[in-house]
Amino acid sequence: MVEVTLIKNLSSIDLQIHFYFKNENIHAMNASIFNNCQRQFINALKKADKYFDKPLSIEVTAREEGGLIDNIKIIAKNPLAFGVIIAFITAFFTAQLRQKLPTTEETKNKIENVVAIKEAINSGTITEYEFEYIASNEPELKKLKSNFFNSARKDTTLTQVEVETTTEVNDKPVFQNIVVPYDKFDDFILLDDQDDEELNTEVDNEARIFIIAPVLVKGVHTYWKGYYGGVPIDYN
């Protein structure tokens, strides 16, 4: 959970997304996979802009080795904006969020209204529980983190992804690091985002297909017709 006392004087936070590989000497990954992962994460952070008077500024700095480390700086005008951001980061790298939070009906109505959230952030009346509730109910967050992990799992040399911050207040990080092992990536992926071949392909090793006759089309192709399980099938 976000600790308001740790963020009330911040102007920026620095974080790292660390990709670990089976071979410790590897410090590079497929550019398409990496760029898509980075894009999905940044898009998730930018979904929080609607709650702020001024949009976030997000900077990507030089990458480091040690696996592959993506350095990201987030700058906000209002320190309480980081409460929402940290809640978004935590939600992004957490497979299952709590379904219910201890909120009153009045609070629930308030934090489901974008204008009310802005007012609460600007006035400093927003609470730690409300940060978490906002993130867990952001409608597009699940889809974006599904895209992230669906892309990341295509790199089978990965062993895990970790997000951590290098920003500390009184020698305490503003949020705790989160590690997601490769074998847990599927827990983040929505069913609709699974590869088609994984969802829809059924192998029948004892299939018997009855060929009726080829239909010869001069100058084009030979088309075959058959039956499988009583259903006509065209082949070309």
# chains A, B, ... in the order shown; residues from 1 in each chain; ligands from 1
call {"tool": "residues_around", "arguments": {"residues": "Ile85 (chain A)", "least_positions_apart": "5", "cutoff": "9 Å", "atoms": "only C-alpha atoms", "output": "VMD selection string"}}
result
chain A and resid 45 48 74 90 131 135
call {"tool": "select_by_dssp", "arguments": {"residues": "region 5-191 of chain A", "states": "strand (DSSP E)", "output": "MDAnalysis selection string"}}
result
chainID A and resid 12:21 57:65 68:75 158:165 168:169 172:173 178:181
call {"tool": "write_last_selection", "arguments": {"atoms": "N, CA and C atoms", "output": "short mmCIF file (atom, residue, chain, number, x, y, z; two decimals), in the first residue's frame"}}
result
data_model
loop_
_atom_site.label_atom_id
_atom_site.label_comp_id
_atom_site.auth_asym_id
_atom_site.auth_seq_id
_atom_site.Cartn_x
_atom_site.Cartn_y
_atom_site.Cartn_z
N SER A 12 9.68 13.67 -8.20
CA SER A 12 9.86 12.63 -9.21
C SER A 12 10.18 11.31 -8.51
N ILE A 13 9.99 10.23 -9.22
CA ILE A 13 10.45 8.93 -8.74
C ILE A 13 11.17 8.23 -9.89
N ASP A 14 12.18 7.46 -9.53
CA ASP A 14 12.93 6.68 -10.50
C ASP A 14 12.64 5.21 -10.27
N LEU A 15 12.42 4.50 -11.35
CA LEU A 15 12.16 3.08 -11.21
C LEU A 15 12.89 2.32 -12.31
N GLN A 16 13.03 1.03 -12.09
CA GLN A 16 13.69 0.16 -13.05
C GLN A 16 12.81 -1.06 -13.31
N ILE A 17 12.72 -1.42 -14.59
CA ILE A 17 12.14 -2.71 -14.96
C ILE A 17 13.30 -3.58 -15.38
N HIS A 18 13.50 -4.66 -14.65
CA HIS A 18 14.68 -5.51 -14.81
C HIS A 18 14.27 -6.83 -15.42
N PHE A 19 14.78 -7.11 -16.61
CA PHE A 19 14.53 -8.39 -17.29
C PHE A 19 15.71 -9.33 -17.02
N TYR A 20 15.44 -10.46 -16.41
CA TYR A 20 16.49 -11.44 -16.10
C TYR A 20 16.46 -12.59 -17.10
N PHE A 21 17.65 -13.08 -17.47
CA PHE A 21 17.75 -14.14 -18.47
C PHE A 21 18.39 -15.39 -17.88
N SER A 57 5.18 13.61 -16.74
CA SER A 57 6.32 13.59 -17.65
C SER A 57 7.08 12.31 -17.38
N ILE A 58 7.28 11.51 -18.42
CA ILE A 58 7.95 10.22 -18.27
C ILE A 58 9.20 10.21 -19.15
N GLU A 59 10.34 9.97 -18.53
CA GLU A 59 11.61 9.95 -19.24
C GLU A 59 12.23 8.56 -19.15
N VAL A 60 12.81 8.12 -20.24
CA VAL A 60 13.54 6.85 -20.27
C VAL A 60 15.02 7.18 -20.41
N THR A 61 15.83 6.72 -19.46
CA THR A 61 17.26 7.02 -19.47
C THR A 61 18.04 5.80 -19.95
N ALA A 62 19.36 5.94 -19.98
CA ALA A 62 20.23 4.89 -20.52
C ALA A 62 19.97 3.55 -19.84
N ARG A 63 19.90 2.51 -20.66
CA ARG A 63 19.68 1.17 -20.12
C ARG A 63 20.98 0.62 -19.55
N GLU A 64 20.83 -0.30 -18.60
CA GLU A 64 21.98 -0.90 -17.95
C GLU A 64 22.00 -2.40 -18.20
N GLU A 65 23.19 -2.99 -18.00
CA GLU A 65 23.32 -4.43 -18.07
C GLU A 65 22.97 -5.03 -16.71
N LEU A 68 18.80 -7.06 -18.42
CA LEU A 68 18.54 -5.81 -19.14
C LEU A 68 17.69 -4.95 -18.23
N ILE A 69 18.18 -3.75 -17.92
CA ILE A 69 17.49 -2.86 -16.98
C ILE A 69 17.01 -1.63 -17.73
N ASP A 70 15.71 -1.38 -17.67
CA ASP A 70 15.09 -0.22 -18.29
C ASP A 70 14.86 0.83 -17.20
N ASN A 71 15.53 1.98 -17.32
CA ASN A 71 15.41 3.04 -16.32
C ASN A 71 14.36 4.06 -16.74
N ILE A 72 13.44 4.34 -15.82
CA ILE A 72 12.33 5.25 -16.12
C ILE A 72 12.20 6.27 -15.00
N LYS A 73 12.08 7.55 -15.37
CA LYS A 73 11.84 8.62 -14.40
C LYS A 73 10.45 9.18 -14.63
N ILE A 74 9.68 9.33 -13.55
CA ILE A 74 8.33 9.88 -13.62
C ILE A 74 8.30 11.18 -12.84
N ILE A 75 7.85 12.25 -13.51
CA ILE A 75 7.83 13.58 -12.91
C ILE A 75 6.38 14.06 -12.83
N LEU A 158 13.94 -15.55 -20.91
CA LEU A 158 13.68 -14.81 -19.67
C LEU A 158 13.44 -15.77 -18.51
N THR A 159 13.85 -15.37 -17.32
CA THR A 159 13.54 -16.13 -16.11
C THR A 159 12.58 -15.36 -15.21
N GLN A 160 12.61 -14.02 -15.27
CA GLN A 160 11.71 -13.22 -14.45
C GLN A 160 11.79 -11.76 -14.86
N VAL A 161 10.80 -11.00 -14.40
CA VAL A 161 10.80 -9.54 -14.55
C VAL A 161 10.62 -8.95 -13.16
N GLU A 162 11.38 -7.91 -12.89
CA GLU A 162 11.30 -7.26 -11.58
C GLU A 162 11.13 -5.75 -11.78
N VAL A 163 10.28 -5.15 -10.96
CA VAL A 163 10.17 -3.69 -10.94
C VAL A 163 10.58 -3.22 -9.55
N GLU A 164 11.42 -2.19 -9.52
CA GLU A 164 11.89 -1.65 -8.25
C GLU A 164 12.14 -0.16 -8.41
N THR A 165 12.25 0.52 -7.29
CA THR A 165 12.52 1.95 -7.32
C THR A 165 13.88 2.24 -6.70
N GLU A 168 14.27 6.88 -2.58
CA GLU A 168 14.08 6.58 -1.16
C GLU A 168 13.76 7.85 -0.38
N VAL A 169 13.02 7.66 0.70
CA VAL A 169 12.75 8.73 1.66
C VAL A 169 13.10 8.19 3.03
N LYS A 172 14.17 4.63 3.03
CA LYS A 172 13.13 3.65 2.76
C LYS A 172 12.61 3.84 1.34
N PRO A 173 12.58 2.79 0.51
CA PRO A 173 12.07 2.95 -0.86
C PRO A 173 10.60 3.34 -0.86
N ILE A 178 8.83 -5.76 -6.81
CA ILE A 178 7.94 -6.88 -7.14
C ILE A 178 8.63 -7.74 -8.19
N VAL A 179 8.68 -9.04 -7.96
CA VAL A 179 9.30 -9.98 -8.89
C VAL A 179 8.22 -10.89 -9.45
N VAL A 180 8.20 -11.05 -10.77
CA VAL A 180 7.27 -11.97 -11.43
C VAL A 180 8.07 -13.02 -12.18
N PRO A 181 8.08 -14.28 -11.72
CA PRO A 181 8.81 -15.35 -12.43
C PRO A 181 8.16 -15.63 -13.79
#
call {"tool": "residues_around", "arguments": {"residues": "Phe88 (chain A)", "least_positions_apart": "2", "cutoff": "12 Å", "atoms": "only C-alpha atoms", "output": "VMD selection string"}}
result
chain A and resid 1 to 2 41 to 49 81 to 86 90 to 94 97 130 to 142 144 to 145 175
call {"tool": "closest_residue", "arguments": {"among": "A:Ala87, A:Gly66, A:Asn78, A:Phe149", "to": "Asn25 (chain A)", "atoms": "only C-alpha atoms"}}
result
A:Gly66
call {"tool": "select_by_dssp", "arguments": {"residues": "region 50-83 of chain A", "states": "helix (DSSP H, G or I)", "output": "ChimeraX atom specification"}}
result
/A:50-51,81-83
call {"tool": "atom_distance", "arguments": {"atom1": "CA of Asn177 (chain A)", "atom2": "CA of Ser146 (chain A)"}}
result
19.6 Å
call {"tool": "closest_residue", "arguments": {"among": "A:Asp155, A:Asp53, A:Asp183, A:Glu119", "to": "Met29 (chain A)", "atoms": "only C-alpha atoms"}}
result
A:Asp155
call {"tool": "atom_distance", "arguments": {"atom1": "CA of Phe185 (chain A)", "atom2": "CA of Ser32 (chain A)"}}
result
18.0 Å
call {"tool": "atom_distance", "arguments": {"atom1": "CA of Gly67 (chain A)", "atom2": "CA of Asp171 (chain A)"}}
result
25.8 Å
call {"tool": "closest_residue", "arguments": {"among": "A:Ile89, A:Ala95, A:Ile121, A:Leu56", "to": "Val174 (chain A)", "atoms": "only C-alpha atoms"}}
result
A:Ile89
call {"tool": "residues_around", "arguments": {"residues": "Thr156 (chain A)", "least_positions_apart": "4", "cutoff": "10 Å", "atoms": "only C-alpha atoms", "output": "list of chain:residue names"}}
result
A:Phe21, A:Lys22, A:Ala152, A:Tyr182
call {"tool": "decode", "arguments": {"residues": "region 50-180 of chain A", "atoms": "C-alpha atoms", "output": "CSV table (one decimal), in the first residue's frame"}}
result
chain,number,residue,atom,x,y,z
A,50,LYS,CA,-7.0,12.0,-16.3
A,51,TYR,CA,-6.7,12.3,-12.5
A,52,PHE,CA,-4.2,15.2,-12.6
A,53,ASP,CA,-4.4,18.8,-13.6
A,54,LYS,CA,-1.1,18.5,-15.5
A,55,PRO,CA,0.0,15.3,-17.3
A,56,LEU,CA,2.9,13.2,-16.1
A,57,SER,CA,6.3,13.6,-17.6
A,58,ILE,CA,8.0,10.2,-18.3
A,59,GLU,CA,11.6,9.9,-19.2
A,60,VAL,CA,13.5,6.9,-20.3
A,61,THR,CA,17.3,7.0,-19.5
A,62,ALA,CA,20.2,4.9,-20.5
A,63,ARG,CA,19.7,1.2,-20.1
A,64,GLU,CA,22.0,-0.9,-18.0
A,65,GLU,CA,23.3,-4.4,-18.1
A,66,GLY,CA,22.7,-7.1,-15.4
A,67,GLY,CA,20.2,-8.9,-17.6
A,68,LEU,CA,18.5,-5.8,-19.1
A,69,ILE,CA,17.5,-2.9,-17.0
A,70,ASP,CA,15.1,-0.2,-18.3
A,71,ASN,CA,15.4,3.0,-16.3
A,72,ILE,CA,12.3,5.2,-16.1
A,73,LYS,CA,11.8,8.6,-14.4
A,74,ILE,CA,8.3,9.9,-13.6
A,75,ILE,CA,7.8,13.6,-12.9
A,76,ALA,CA,4.6,15.1,-11.5
A,77,LYS,CA,3.7,18.5,-10.3
A,78,ASN,CA,1.6,17.3,-7.3
A,79,PRO,CA,3.4,14.8,-5.0
A,80,LEU,CA,0.1,13.0,-4.2
A,81,ALA,CA,0.0,12.0,-7.9
A,82,PHE,CA,2.7,9.5,-7.0
A,83,GLY,CA,0.2,7.7,-4.8
A,84,VAL,CA,-1.9,6.9,-7.8
A,85,ILE,CA,1.2,6.1,-9.9
A,86,ILE,CA,2.7,3.7,-7.3
A,87,ALA,CA,-0.7,2.0,-7.0
A,88,PHE,CA,-0.8,1.7,-10.8
A,89,ILE,CA,2.7,0.2,-10.8
A,90,THR,CA,1.8,-2.3,-8.0
A,91,ALA,CA,-1.4,-3.3,-9.8
A,92,PHE,CA,0.5,-3.7,-13.1
A,93,PHE,CA,2.9,-6.3,-11.6
A,94,THR,CA,0.3,-8.0,-9.4
A,95,ALA,CA,-1.7,-10.8,-11.0
A,96,GLN,CA,-4.7,-10.8,-8.6
A,97,LEU,CA,-5.8,-7.7,-7.0
A,98,ARG,CA,-8.0,-7.6,-3.9
A,99,GLN,CA,-11.7,-7.6,-5.0
A,100,LYS,CA,-12.9,-5.6,-2.0
A,101,LEU,CA,-11.4,-2.8,0.0
A,102,PRO,CA,-12.7,-1.3,3.2
A,103,THR,CA,-14.5,1.7,1.7
A,104,THR,CA,-17.8,3.4,2.6
A,105,GLU,CA,-20.4,3.9,-0.1
A,106,GLU,CA,-19.7,7.6,0.1
A,107,THR,CA,-16.0,7.0,-0.6
A,108,LYS,CA,-16.8,4.5,-3.3
A,109,ASN,CA,-18.9,7.0,-5.1
A,110,LYS,CA,-16.3,9.7,-4.7
A,111,ILE,CA,-13.4,7.7,-6.2
A,112,GLU,CA,-15.4,6.4,-9.1
A,113,ASN,CA,-15.7,10.0,-10.2
A,114,VAL,CA,-12.7,11.4,-12.0
A,115,VAL,CA,-13.5,15.0,-11.0
A,116,ALA,CA,-13.8,14.0,-7.4
A,117,ILE,CA,-10.5,12.2,-7.5
A,118,LYS,CA,-8.8,15.3,-8.9
A,119,GLU,CA,-10.3,17.4,-6.2
A,120,ALA,CA,-9.2,14.9,-3.5
A,121,ILE,CA,-5.6,14.9,-4.9
A,122,ASN,CA,-5.4,18.7,-5.1
A,123,SER,CA,-6.8,19.2,-1.6
A,124,GLY,CA,-4.7,16.5,-0.1
A,125,THR,CA,-7.7,14.6,1.3
A,126,ILE,CA,-7.2,11.4,-0.7
A,127,THR,CA,-6.3,8.4,1.4
A,128,GLU,CA,-4.0,5.4,1.1
A,129,TYR,CA,-6.9,3.0,0.6
A,130,GLU,CA,-8.3,5.2,-2.2
A,131,PHE,CA,-5.1,5.0,-4.2
A,132,GLU,CA,-5.3,1.2,-4.2
A,133,TYR,CA,-9.0,1.3,-5.1
A,134,ILE,CA,-8.4,3.6,-8.0
A,135,ALA,CA,-5.8,1.3,-9.5
A,136,SER,CA,-7.7,-1.9,-9.0
A,137,ASN,CA,-10.7,-0.4,-10.8
A,138,GLU,CA,-8.9,1.2,-13.7
A,139,PRO,CA,-10.7,-0.5,-16.7
A,140,GLU,CA,-7.7,-0.5,-19.1
A,141,LEU,CA,-5.0,-1.6,-16.7
A,142,LYS,CA,-5.7,-5.3,-17.0
A,143,LYS,CA,-5.6,-5.2,-20.8
A,144,LEU,CA,-2.3,-3.3,-20.8
A,145,LYS,CA,-0.5,-5.6,-18.4
A,146,SER,CA,-1.9,-8.6,-20.3
A,147,ASN,CA,-0.3,-7.2,-23.4
A,148,PHE,CA,3.0,-6.6,-21.5
A,149,PHE,CA,3.3,-10.2,-20.2
A,150,ASN,CA,1.9,-11.7,-23.4
A,151,SER,CA,4.7,-10.1,-25.3
A,152,ALA,CA,7.4,-10.8,-22.6
A,153,ARG,CA,6.6,-14.6,-22.5
A,154,LYS,CA,7.6,-14.8,-26.2
A,155,ASP,CA,11.2,-14.4,-25.1
A,156,THR,CA,11.8,-17.9,-23.7
A,157,THR,CA,15.3,-16.9,-22.4
A,158,LEU,CA,13.7,-14.8,-19.7
A,159,THR,CA,13.5,-16.1,-16.1
A,160,GLN,CA,11.7,-13.2,-14.4
A,161,VAL,CA,10.8,-9.5,-14.6
A,162,GLU,CA,11.3,-7.3,-11.6
A,163,VAL,CA,10.2,-3.7,-10.9
A,164,GLU,CA,11.9,-1.7,-8.3
A,165,THR,CA,12.5,2.0,-7.3
A,166,THR,CA,15.8,3.7,-6.6
A,167,THR,CA,13.9,6.6,-4.9
A,168,GLU,CA,14.1,6.6,-1.2
A,169,VAL,CA,12.7,8.7,1.7
A,170,ASN,CA,14.5,8.4,5.0
A,171,ASP,CA,16.4,5.4,3.6
A,172,LYS,CA,13.1,3.7,2.8
A,173,PRO,CA,12.1,2.9,-0.9
A,174,VAL,CA,8.8,4.6,-1.9
A,175,PHE,CA,7.5,1.2,-2.9
A,176,GLN,CA,8.6,-2.4,-2.5
A,177,ASN,CA,10.1,-4.3,-5.4
A,178,ILE,CA,7.9,-6.9,-7.1
A,179,VAL,CA,9.3,-10.0,-8.9
A,180,VAL,CA,7.3,-12.0,-11.4
